[in-house]
file start.txt (compact mmCIF, N, CA and C atoms)
# COMPACT_ATOMS: atom_id res chain seq x y z
N MET M 4 -15.00 11.78 -35.98
CA MET M 4 -15.29 10.88 -34.89
C MET M 4 -14.76 11.39 -33.56
N ARG M 5 -13.70 12.14 -33.61
CA ARG M 5 -13.08 12.61 -32.38
C ARG M 5 -14.03 13.47 -31.55
N ASN M 6 -14.99 14.10 -32.19
CA ASN M 6 -15.93 14.95 -31.48
C ASN M 6 -17.14 14.19 -30.97
N ASP M 7 -17.28 12.93 -31.34
CA ASP M 7 -18.41 12.10 -30.93
C ASP M 7 -18.05 11.28 -29.70
N HIS M 8 -17.53 11.92 -28.70
CA HIS M 8 -17.05 11.25 -27.49
C HIS M 8 -18.14 10.42 -26.82
N VAL M 9 -17.80 9.19 -26.45
CA VAL M 9 -18.73 8.28 -25.77
C VAL M 9 -17.99 7.61 -24.61
N THR M 10 -18.66 7.49 -23.48
CA THR M 10 -18.14 6.71 -22.36
C THR M 10 -19.16 5.63 -22.02
N LEU M 11 -18.71 4.40 -22.00
CA LEU M 11 -19.55 3.27 -21.61
C LEU M 11 -19.19 2.88 -20.18
N ARG M 12 -20.21 2.52 -19.41
CA ARG M 12 -20.00 2.07 -18.04
C ARG M 12 -20.83 0.82 -17.81
N SER M 13 -20.26 -0.10 -17.06
CA SER M 13 -20.97 -1.32 -16.70
C SER M 13 -20.52 -1.73 -15.31
N THR M 14 -21.47 -2.12 -14.49
CA THR M 14 -21.14 -2.55 -13.13
C THR M 14 -21.21 -4.07 -13.06
N ALA M 15 -20.24 -4.66 -12.39
CA ALA M 15 -20.18 -6.11 -12.22
C ALA M 15 -19.71 -6.42 -10.81
N VAL M 16 -19.81 -7.67 -10.45
CA VAL M 16 -19.24 -8.14 -9.19
C VAL M 16 -18.23 -9.22 -9.53
N PHE M 17 -16.99 -8.98 -9.11
CA PHE M 17 -15.93 -9.97 -9.27
C PHE M 17 -15.71 -10.62 -7.92
N ASP M 18 -15.30 -11.87 -7.92
CA ASP M 18 -14.97 -12.57 -6.68
C ASP M 18 -13.47 -12.50 -6.44
N LEU M 19 -13.08 -11.91 -5.32
CA LEU M 19 -11.68 -11.86 -4.91
C LEU M 19 -11.34 -13.19 -4.27
N LEU M 20 -10.33 -13.86 -4.81
CA LEU M 20 -9.93 -15.17 -4.31
C LEU M 20 -8.74 -15.04 -3.38
N ALA M 21 -8.77 -15.79 -2.31
CA ALA M 21 -7.67 -15.83 -1.36
C ALA M 21 -7.54 -17.26 -0.85
N PRO M 22 -6.32 -17.68 -0.53
CA PRO M 22 -6.13 -19.05 -0.04
C PRO M 22 -6.90 -19.31 1.26
N ARG M 23 -7.51 -20.44 1.35
CA ARG M 23 -8.15 -20.95 2.57
C ARG M 23 -9.28 -20.07 3.11
N THR M 24 -9.84 -19.20 2.27
CA THR M 24 -10.98 -18.38 2.71
C THR M 24 -12.01 -18.33 1.59
N PRO M 25 -13.27 -18.09 1.94
CA PRO M 25 -14.28 -17.97 0.88
C PRO M 25 -14.02 -16.75 0.00
N ALA M 26 -14.47 -16.83 -1.23
CA ALA M 26 -14.34 -15.69 -2.15
C ALA M 26 -15.10 -14.49 -1.59
N VAL M 27 -14.53 -13.31 -1.84
CA VAL M 27 -15.14 -12.06 -1.37
C VAL M 27 -15.66 -11.30 -2.59
N PRO M 28 -16.96 -10.99 -2.64
CA PRO M 28 -17.48 -10.22 -3.77
C PRO M 28 -17.01 -8.77 -3.73
N VAL M 29 -16.58 -8.27 -4.87
CA VAL M 29 -16.09 -6.90 -4.98
C VAL M 29 -16.81 -6.22 -6.14
N LYS M 30 -17.38 -5.05 -5.86
CA LYS M 30 -18.05 -4.28 -6.91
C LYS M 30 -16.98 -3.68 -7.83
N VAL M 31 -17.22 -3.82 -9.14
CA VAL M 31 -16.28 -3.32 -10.14
C VAL M 31 -17.05 -2.53 -11.19
N GLU M 32 -16.53 -1.36 -11.52
CA GLU M 32 -17.10 -0.60 -12.62
C GLU M 32 -16.14 -0.71 -13.80
N LEU M 33 -16.65 -1.22 -14.91
CA LEU M 33 -15.88 -1.27 -16.15
C LEU M 33 -16.22 -0.03 -16.96
N ARG M 34 -15.18 0.62 -17.51
CA ARG M 34 -15.40 1.82 -18.31
C ARG M 34 -14.62 1.72 -19.62
N TYR M 35 -15.23 2.28 -20.64
CA TYR M 35 -14.57 2.42 -21.93
C TYR M 35 -14.86 3.82 -22.42
N ASP M 36 -13.81 4.54 -22.79
CA ASP M 36 -13.93 5.94 -23.19
C ASP M 36 -13.28 6.12 -24.55
N THR M 37 -14.00 6.69 -25.49
CA THR M 37 -13.45 6.85 -26.83
C THR M 37 -12.27 7.81 -26.89
N ARG M 38 -12.05 8.58 -25.81
CA ARG M 38 -10.86 9.44 -25.78
C ARG M 38 -9.59 8.62 -25.61
N ASP M 39 -9.74 7.37 -25.13
CA ASP M 39 -8.62 6.43 -25.05
C ASP M 39 -9.13 5.09 -25.58
N PRO M 40 -9.31 4.99 -26.89
CA PRO M 40 -10.04 3.87 -27.48
C PRO M 40 -9.34 2.52 -27.39
N TYR M 41 -8.08 2.52 -27.00
CA TYR M 41 -7.37 1.25 -26.87
C TYR M 41 -7.50 0.64 -25.48
N ALA M 42 -8.05 1.38 -24.53
CA ALA M 42 -8.00 0.99 -23.13
C ALA M 42 -9.37 0.70 -22.53
N VAL M 43 -9.34 -0.12 -21.50
CA VAL M 43 -10.49 -0.40 -20.63
C VAL M 43 -10.04 -0.07 -19.21
N VAL M 44 -10.93 0.51 -18.43
CA VAL M 44 -10.65 0.79 -17.02
C VAL M 44 -11.52 -0.12 -16.17
N ALA M 45 -10.91 -0.77 -15.19
CA ALA M 45 -11.66 -1.53 -14.19
C ALA M 45 -11.42 -0.84 -12.86
N ALA M 46 -12.48 -0.28 -12.29
CA ALA M 46 -12.40 0.41 -11.00
C ALA M 46 -12.98 -0.51 -9.93
N PHE M 47 -12.14 -0.87 -8.97
CA PHE M 47 -12.52 -1.81 -7.92
C PHE M 47 -12.89 -1.04 -6.66
N ARG M 48 -14.05 -1.32 -6.13
CA ARG M 48 -14.52 -0.68 -4.88
C ARG M 48 -13.72 -1.24 -3.72
N THR M 49 -13.07 -0.35 -2.96
CA THR M 49 -12.21 -0.80 -1.87
C THR M 49 -12.77 -0.48 -0.49
N GLY M 50 -13.86 0.20 -0.44
CA GLY M 50 -14.46 0.59 0.84
C GLY M 50 -15.59 1.56 0.57
N ARG M 51 -16.00 2.25 1.60
CA ARG M 51 -17.14 3.16 1.45
C ARG M 51 -16.93 4.21 0.38
N ALA M 52 -15.76 4.79 0.32
CA ALA M 52 -15.54 5.87 -0.64
C ALA M 52 -14.34 5.62 -1.55
N GLY M 53 -13.72 4.47 -1.43
CA GLY M 53 -12.49 4.26 -2.17
C GLY M 53 -12.64 3.38 -3.40
N TRP M 54 -11.88 3.72 -4.41
CA TRP M 54 -11.81 2.95 -5.65
C TRP M 54 -10.35 2.82 -6.05
N VAL M 55 -9.99 1.67 -6.59
CA VAL M 55 -8.67 1.47 -7.17
C VAL M 55 -8.88 1.17 -8.64
N GLU M 56 -8.23 1.94 -9.51
CA GLU M 56 -8.41 1.78 -10.94
C GLU M 56 -7.22 1.09 -11.58
N TRP M 57 -7.55 0.16 -12.47
CA TRP M 57 -6.56 -0.51 -13.29
C TRP M 57 -6.92 -0.25 -14.75
N VAL M 58 -5.93 0.14 -15.53
CA VAL M 58 -6.14 0.42 -16.95
C VAL M 58 -5.35 -0.62 -17.74
N PHE M 59 -6.03 -1.25 -18.68
CA PHE M 59 -5.37 -2.25 -19.51
C PHE M 59 -5.98 -2.22 -20.90
N SER M 60 -5.35 -2.88 -21.84
CA SER M 60 -5.81 -2.78 -23.22
C SER M 60 -7.09 -3.57 -23.46
N ARG M 61 -7.89 -3.03 -24.34
CA ARG M 61 -9.12 -3.70 -24.74
C ARG M 61 -8.78 -5.04 -25.40
N ASP M 62 -7.69 -5.09 -26.16
CA ASP M 62 -7.26 -6.33 -26.79
C ASP M 62 -6.90 -7.39 -25.75
N LEU M 63 -6.29 -6.96 -24.64
CA LEU M 63 -5.95 -7.91 -23.58
C LEU M 63 -7.21 -8.56 -23.02
N LEU M 64 -8.24 -7.76 -22.80
CA LEU M 64 -9.51 -8.31 -22.31
C LEU M 64 -10.07 -9.30 -23.32
N ALA M 65 -10.08 -8.93 -24.59
CA ALA M 65 -10.61 -9.83 -25.63
C ALA M 65 -9.82 -11.12 -25.69
N ASP M 66 -8.49 -11.01 -25.69
CA ASP M 66 -7.65 -12.20 -25.77
C ASP M 66 -7.83 -13.10 -24.54
N GLY M 67 -7.97 -12.46 -23.37
CA GLY M 67 -8.09 -13.22 -22.12
C GLY M 67 -9.40 -13.98 -21.99
N LEU M 68 -10.39 -13.63 -22.78
CA LEU M 68 -11.64 -14.37 -22.75
C LEU M 68 -11.50 -15.75 -23.40
N ILE M 69 -10.49 -15.90 -24.26
CA ILE M 69 -10.34 -17.18 -24.97
C ILE M 69 -9.06 -17.94 -24.66
N ALA M 70 -8.05 -17.27 -24.12
CA ALA M 70 -6.78 -17.93 -23.81
C ALA M 70 -6.02 -17.10 -22.78
N ASP M 71 -4.96 -17.67 -22.23
CA ASP M 71 -4.11 -16.97 -21.28
C ASP M 71 -3.49 -15.76 -21.97
N ALA M 72 -3.68 -14.56 -21.41
CA ALA M 72 -3.19 -13.33 -22.04
C ALA M 72 -2.58 -12.41 -20.99
N GLY M 73 -1.54 -11.71 -21.40
CA GLY M 73 -0.89 -10.72 -20.53
C GLY M 73 0.44 -11.22 -20.02
N ASP M 74 1.41 -10.31 -20.02
CA ASP M 74 2.75 -10.64 -19.54
C ASP M 74 3.16 -9.81 -18.33
N GLY M 75 2.43 -8.77 -18.04
CA GLY M 75 2.86 -7.83 -17.01
C GLY M 75 1.98 -7.83 -15.79
N ASP M 76 1.54 -6.63 -15.42
CA ASP M 76 0.77 -6.44 -14.19
C ASP M 76 -0.65 -6.97 -14.26
N VAL M 77 -1.17 -7.14 -15.48
CA VAL M 77 -2.52 -7.64 -15.66
C VAL M 77 -2.47 -8.89 -16.53
N ARG M 78 -3.05 -9.97 -16.00
CA ARG M 78 -3.15 -11.22 -16.75
C ARG M 78 -4.60 -11.65 -16.71
N ILE M 79 -5.10 -12.11 -17.83
CA ILE M 79 -6.50 -12.55 -17.93
C ILE M 79 -6.51 -13.89 -18.64
N ARG M 80 -7.34 -14.82 -18.13
CA ARG M 80 -7.41 -16.14 -18.74
C ARG M 80 -8.73 -16.81 -18.37
N PRO M 81 -9.19 -17.71 -19.22
CA PRO M 81 -10.37 -18.49 -18.84
C PRO M 81 -10.02 -19.36 -17.62
N ALA M 82 -10.98 -19.54 -16.73
CA ALA M 82 -10.75 -20.40 -15.57
C ALA M 82 -10.55 -21.84 -16.06
N THR M 83 -9.68 -22.55 -15.41
CA THR M 83 -9.36 -23.91 -15.86
C THR M 83 -10.52 -24.89 -15.65
N ASP M 84 -11.36 -24.64 -14.67
CA ASP M 84 -12.41 -25.60 -14.34
C ASP M 84 -13.82 -25.15 -14.71
N ASP M 85 -13.97 -23.93 -15.26
CA ASP M 85 -15.31 -23.44 -15.59
C ASP M 85 -15.22 -22.48 -16.78
N PRO M 86 -15.73 -22.88 -17.95
CA PRO M 86 -15.63 -22.03 -19.14
C PRO M 86 -16.45 -20.74 -19.04
N GLU M 87 -17.33 -20.63 -18.05
CA GLU M 87 -18.14 -19.43 -17.91
C GLU M 87 -17.49 -18.38 -17.01
N VAL M 88 -16.27 -18.68 -16.56
CA VAL M 88 -15.56 -17.80 -15.62
C VAL M 88 -14.21 -17.42 -16.20
N VAL M 89 -13.83 -16.17 -15.96
CA VAL M 89 -12.52 -15.65 -16.38
C VAL M 89 -11.76 -15.25 -15.12
N ALA M 90 -10.48 -15.60 -15.07
CA ALA M 90 -9.61 -15.20 -13.97
C ALA M 90 -8.86 -13.94 -14.37
N ILE M 91 -8.83 -12.96 -13.48
CA ILE M 91 -8.12 -11.71 -13.70
C ILE M 91 -7.11 -11.56 -12.57
N GLU M 92 -5.86 -11.50 -12.94
CA GLU M 92 -4.77 -11.44 -11.96
C GLU M 92 -4.09 -10.08 -12.07
N LEU M 93 -4.02 -9.38 -10.93
CA LEU M 93 -3.42 -8.05 -10.88
C LEU M 93 -2.22 -8.07 -9.95
N SER M 94 -1.10 -7.52 -10.42
CA SER M 94 0.11 -7.48 -9.61
C SER M 94 0.66 -6.06 -9.59
N SER M 95 1.11 -5.64 -8.41
CA SER M 95 1.74 -4.33 -8.28
C SER M 95 2.77 -4.44 -7.16
N PRO M 96 3.61 -3.42 -6.99
CA PRO M 96 4.56 -3.45 -5.89
C PRO M 96 3.88 -3.56 -4.52
N SER M 97 2.61 -3.13 -4.43
CA SER M 97 1.93 -3.17 -3.13
C SER M 97 1.11 -4.44 -2.92
N GLY M 98 1.06 -5.32 -3.92
CA GLY M 98 0.32 -6.55 -3.69
C GLY M 98 -0.07 -7.28 -4.95
N HIS M 99 -0.79 -8.37 -4.72
CA HIS M 99 -1.20 -9.28 -5.79
C HIS M 99 -2.64 -9.72 -5.48
N ALA M 100 -3.48 -9.75 -6.50
CA ALA M 100 -4.87 -10.18 -6.29
C ALA M 100 -5.33 -10.98 -7.50
N VAL M 101 -6.18 -11.97 -7.21
CA VAL M 101 -6.79 -12.77 -8.27
C VAL M 101 -8.31 -12.68 -8.10
N PHE M 102 -8.98 -12.36 -9.18
CA PHE M 102 -10.43 -12.25 -9.20
C PHE M 102 -10.99 -13.24 -10.20
N GLU M 103 -12.23 -13.64 -9.97
CA GLU M 103 -12.97 -14.39 -10.97
C GLU M 103 -14.17 -13.55 -11.37
N ALA M 104 -14.48 -13.56 -12.67
CA ALA M 104 -15.58 -12.76 -13.20
C ALA M 104 -16.35 -13.58 -14.23
N SER M 105 -17.56 -13.17 -14.47
CA SER M 105 -18.39 -13.83 -15.48
C SER M 105 -17.85 -13.54 -16.88
N ALA M 106 -17.53 -14.60 -17.60
CA ALA M 106 -17.04 -14.44 -18.97
C ALA M 106 -18.10 -13.76 -19.83
N GLN M 107 -19.36 -14.10 -19.61
CA GLN M 107 -20.45 -13.51 -20.41
C GLN M 107 -20.58 -12.01 -20.16
N GLU M 108 -20.50 -11.59 -18.89
CA GLU M 108 -20.59 -10.16 -18.59
C GLU M 108 -19.44 -9.39 -19.25
N LEU M 109 -18.25 -9.95 -19.19
CA LEU M 109 -17.10 -9.28 -19.81
C LEU M 109 -17.25 -9.25 -21.32
N ALA M 110 -17.71 -10.34 -21.91
CA ALA M 110 -17.91 -10.39 -23.36
C ALA M 110 -18.99 -9.40 -23.79
N ASP M 111 -20.07 -9.29 -23.01
CA ASP M 111 -21.12 -8.33 -23.33
C ASP M 111 -20.60 -6.89 -23.29
N PHE M 112 -19.79 -6.58 -22.27
CA PHE M 112 -19.20 -5.25 -22.18
C PHE M 112 -18.29 -4.99 -23.37
N LEU M 113 -17.46 -5.97 -23.70
CA LEU M 113 -16.55 -5.84 -24.83
C LEU M 113 -17.33 -5.63 -26.13
N ASP M 114 -18.41 -6.36 -26.31
CA ASP M 114 -19.24 -6.18 -27.51
C ASP M 114 -19.79 -4.76 -27.60
N ARG M 115 -20.18 -4.20 -26.46
CA ARG M 115 -20.68 -2.82 -26.45
C ARG M 115 -19.58 -1.84 -26.89
N THR M 116 -18.34 -2.12 -26.48
CA THR M 116 -17.24 -1.24 -26.91
C THR M 116 -17.03 -1.35 -28.41
N TYR M 117 -17.21 -2.57 -28.96
CA TYR M 117 -17.06 -2.76 -30.40
C TYR M 117 -18.16 -2.07 -31.19
N ASP M 118 -19.34 -1.92 -30.57
CA ASP M 118 -20.42 -1.19 -31.22
C ASP M 118 -20.07 0.29 -31.37
N VAL M 119 -19.26 0.80 -30.46
CA VAL M 119 -18.86 2.21 -30.48
C VAL M 119 -17.62 2.43 -31.33
N VAL M 120 -16.59 1.61 -31.12
CA VAL M 120 -15.35 1.70 -31.90
C VAL M 120 -15.01 0.29 -32.40
N VAL M 121 -15.12 0.13 -33.70
CA VAL M 121 -14.84 -1.16 -34.31
C VAL M 121 -13.36 -1.49 -34.14
N PRO M 122 -13.03 -2.73 -33.75
CA PRO M 122 -11.61 -3.11 -33.63
C PRO M 122 -10.85 -2.80 -34.93
N GLY M 123 -9.69 -2.21 -34.77
CA GLY M 123 -8.90 -1.81 -35.93
C GLY M 123 -9.12 -0.35 -36.32
N ASN M 124 -10.18 0.26 -35.78
CA ASN M 124 -10.46 1.67 -36.09
C ASN M 124 -10.15 2.60 -34.92
N GLU M 125 -9.47 2.12 -33.91
CA GLU M 125 -9.15 2.95 -32.75
C GLU M 125 -8.38 4.21 -33.15
N HIS M 126 -7.48 4.07 -34.12
CA HIS M 126 -6.66 5.21 -34.53
C HIS M 126 -7.49 6.39 -35.04
N LEU M 127 -8.69 6.10 -35.52
CA LEU M 127 -9.56 7.17 -36.01
C LEU M 127 -10.08 8.05 -34.89
N TRP M 128 -9.99 7.55 -33.67
CA TRP M 128 -10.52 8.28 -32.50
C TRP M 128 -9.43 9.03 -31.74
N VAL M 129 -8.17 8.83 -32.11
CA VAL M 129 -7.06 9.45 -31.39
C VAL M 129 -6.67 10.76 -32.07
N ASP M 130 -6.63 11.82 -31.27
CA ASP M 130 -6.18 13.11 -31.75
C ASP M 130 -4.73 13.27 -31.33
N VAL M 131 -3.82 12.95 -32.23
CA VAL M 131 -2.39 12.96 -31.91
C VAL M 131 -1.92 14.36 -31.53
N ASP M 132 -2.39 15.38 -32.22
CA ASP M 132 -1.98 16.75 -31.90
C ASP M 132 -2.38 17.13 -30.48
N GLU M 133 -3.61 16.76 -30.10
CA GLU M 133 -4.08 17.07 -28.74
C GLU M 133 -3.26 16.30 -27.70
N ALA M 134 -2.97 15.04 -27.98
CA ALA M 134 -2.19 14.23 -27.05
C ALA M 134 -0.78 14.81 -26.88
N LEU M 135 -0.16 15.21 -27.97
CA LEU M 135 1.19 15.80 -27.89
C LEU M 135 1.16 17.13 -27.14
N THR M 136 0.15 17.95 -27.39
CA THR M 136 0.02 19.21 -26.69
C THR M 136 -0.11 18.96 -25.18
N HIS M 137 -0.92 18.00 -24.82
CA HIS M 137 -1.08 17.65 -23.39
C HIS M 137 0.22 17.16 -22.78
N LEU M 138 0.94 16.29 -23.50
CA LEU M 138 2.22 15.79 -22.99
C LEU M 138 3.23 16.92 -22.81
N ILE M 139 3.31 17.79 -23.80
CA ILE M 139 4.29 18.88 -23.73
C ILE M 139 3.94 19.85 -22.60
N SER M 140 2.65 20.21 -22.47
CA SER M 140 2.27 21.15 -21.42
C SER M 140 2.45 20.52 -20.04
N THR M 141 2.21 19.24 -19.91
CA THR M 141 2.40 18.55 -18.63
C THR M 141 3.88 18.45 -18.30
N ASP M 142 4.71 18.23 -19.32
CA ASP M 142 6.14 18.07 -19.10
C ASP M 142 6.79 19.39 -18.68
N LEU M 143 6.25 20.50 -19.10
CA LEU M 143 6.84 21.79 -18.81
C LEU M 143 6.44 22.33 -17.43
N THR M 144 5.43 21.78 -16.82
CA THR M 144 4.98 22.31 -15.53
C THR M 144 5.62 21.60 -14.38

call {"tool": "encode", "arguments": {"input": "start.txt", "output": "structure tokens"}}
result
Amino acid sequence: MRNDHVTLRSTAVFDLLAPRTPAVPVKVELRYDTRDPYAVVAAFRTGRAGWVEWVFSRDLLADGLIADAGDGDVRIRPATDDPEVVAIELSSPSGHAVFEASAQELADFLDRTYDVVVPGNEHLWVDVDEALTHLISTDLT
């Protein structure tokens, strides 16, 4: 399976929420790559040429579709007033942002990842020797 590399991409629009202002639509590219089968990448469009990427676990996304999930920099939960919306909260030393996204779009993307790597089989896609070689060579430079 390690040689059957697949990358899934999906484009969505999340609403950036801010106090006392209308929501701002933000283009987001969701990615799933079998080279890191435990993770999902959300790349947020920040301007004409800029993107900010957040990497979080696929399980966190799945859990956040049904209940409040996450303890750290990424928290995901169903919106309190609309079951068709998911709130995604991102925190870093440089700021804090809350987005709302379509629960159905996120669930559809997640289902596509499950079609490629069945939950519980992620370990079959990880090449531990390659990962260790990369860590060691990066550490020595």

call {"tool": "residues_around", "arguments": {"input": "start.txt", "residues": "Asp62 in chain M", "least_positions_apart": "3", "cutoff": "8 Å", "atoms": "all atoms listed in the file", "output": "PyMOL selection string"}}
result
chain M and resi 40-43+59+65-68+72

call {"tool": "residues_around", "arguments": {"input": "start.txt", "residues": "Glu32 in chain M", "least_positions_apart": "5", "cutoff": "7 Å", "atoms": "only N, CA and C atoms", "output": "list in words"}}
result
Arg12, Ser13, Thr14, Ala15, Val44, Ala45, Ala46, Phe47 and Arg48 of chain M

call {"tool": "select_by_dssp", "arguments": {"input": "start.txt", "residues": "range 84-143 of chain M", "states": "strand (DSSP E or B)", "output": "PyMOL selection string"}}
result
chain M and resi 88-95+98-105

call {"tool": "atom_distance", "arguments": {"input": "start.txt", "atom1": "CA of Leu20 in chain M", "atom2": "atom C of Val101 in chain M"}}
result
4.8 Å

call {"tool": "atom_distance", "arguments": {"input": "start.txt", "atom1": "CA of Ser60 in chain M", "atom2": "CA of Ala26 in chain M"}}
result
26.1 Å

call {"tool": "atom_distance", "arguments": {"input": "start.txt", "atom1": "atom C of Leu11 in chain M", "atom2": "CA of Asp36 in chain M"}}
result
6.8 Å

call {"tool": "residues_around", "arguments": {"input": "start.txt", "residues": "Ile91 in chain M", "least_positions_apart": "5", "cutoff": "6 Å", "atoms": "all atoms listed in the file", "output": "PyMOL selection string"}}
result
chain M and resi 78-80+100-104

call {"tool": "closest_residue", "arguments": {"input": "start.txt", "among": "M:Arg23, M:Ser94, M:Asp18, M:Thr37", "to": "Val119 in chain M", "atoms": "only N, CA and C atoms"}}
result
M:Thr37

call {"tool": "closest_residue", "arguments": {"input": "start.txt", "among": "M:Val131, M:Ile139, M:Leu64, M:Val89", "to": "Leu113 in chain M", "atoms": "all atoms listed in the file"}}
result
M:Leu64

call {"tool": "axis_aligned_box", "arguments": {"input": "start.txt", "around": "range 16-35 of chain M", "padding_each_side": "6 Å", "output": "lines of an AutoDock Vina configuration file"}}
result
center_x = -13.0
center_y = -8.6
center_z = -9.7
size_x = 25.7
size_y = 36.8
size_z = 37.5

call {"tool": "closest_residue", "arguments": {"input": "start.txt", "among": "M:His8, M:Phe17, M:Lys30, M:Arg38", "to": "Val129 in chain M", "atoms": "all atoms listed in the file"}}
result
M:Arg38

call {"tool": "closest_residue", "arguments": {"input": "start.txt", "among": "M:Pro22, M:Val121, M:Ala106, M:Gly75", "to": "Ala90 in chain M", "atoms": "all atoms listed in the file"}}
result
M:Ala106

call {"tool": "closest_residue", "arguments": {"input": "start.txt", "among": "M:Ala70, M:Leu19, M:Leu109, M:Val77", "to": "Leu33 in chain M", "atoms": "only C-alpha atoms"}}
result
M:Leu109

call {"tool": "residues_around", "arguments": {"input": "start.txt", "residues": "Thr49 in chain M", "least_positions_apart": "5", "cutoff": "8 Å", "atoms": "only N, CA and C atoms", "output": "list in words"}}
result
Val29, Lys30, Trp54 and Val55 of chain M

call {"tool": "closest_residue", "arguments": {"input": "start.txt", "among": "M:Gln107, M:Thr24, M:Asn124, M:Ser140", "to": "Val88 in chain M", "atoms": "only N, CA and C atoms"}}
result
M:Gln107
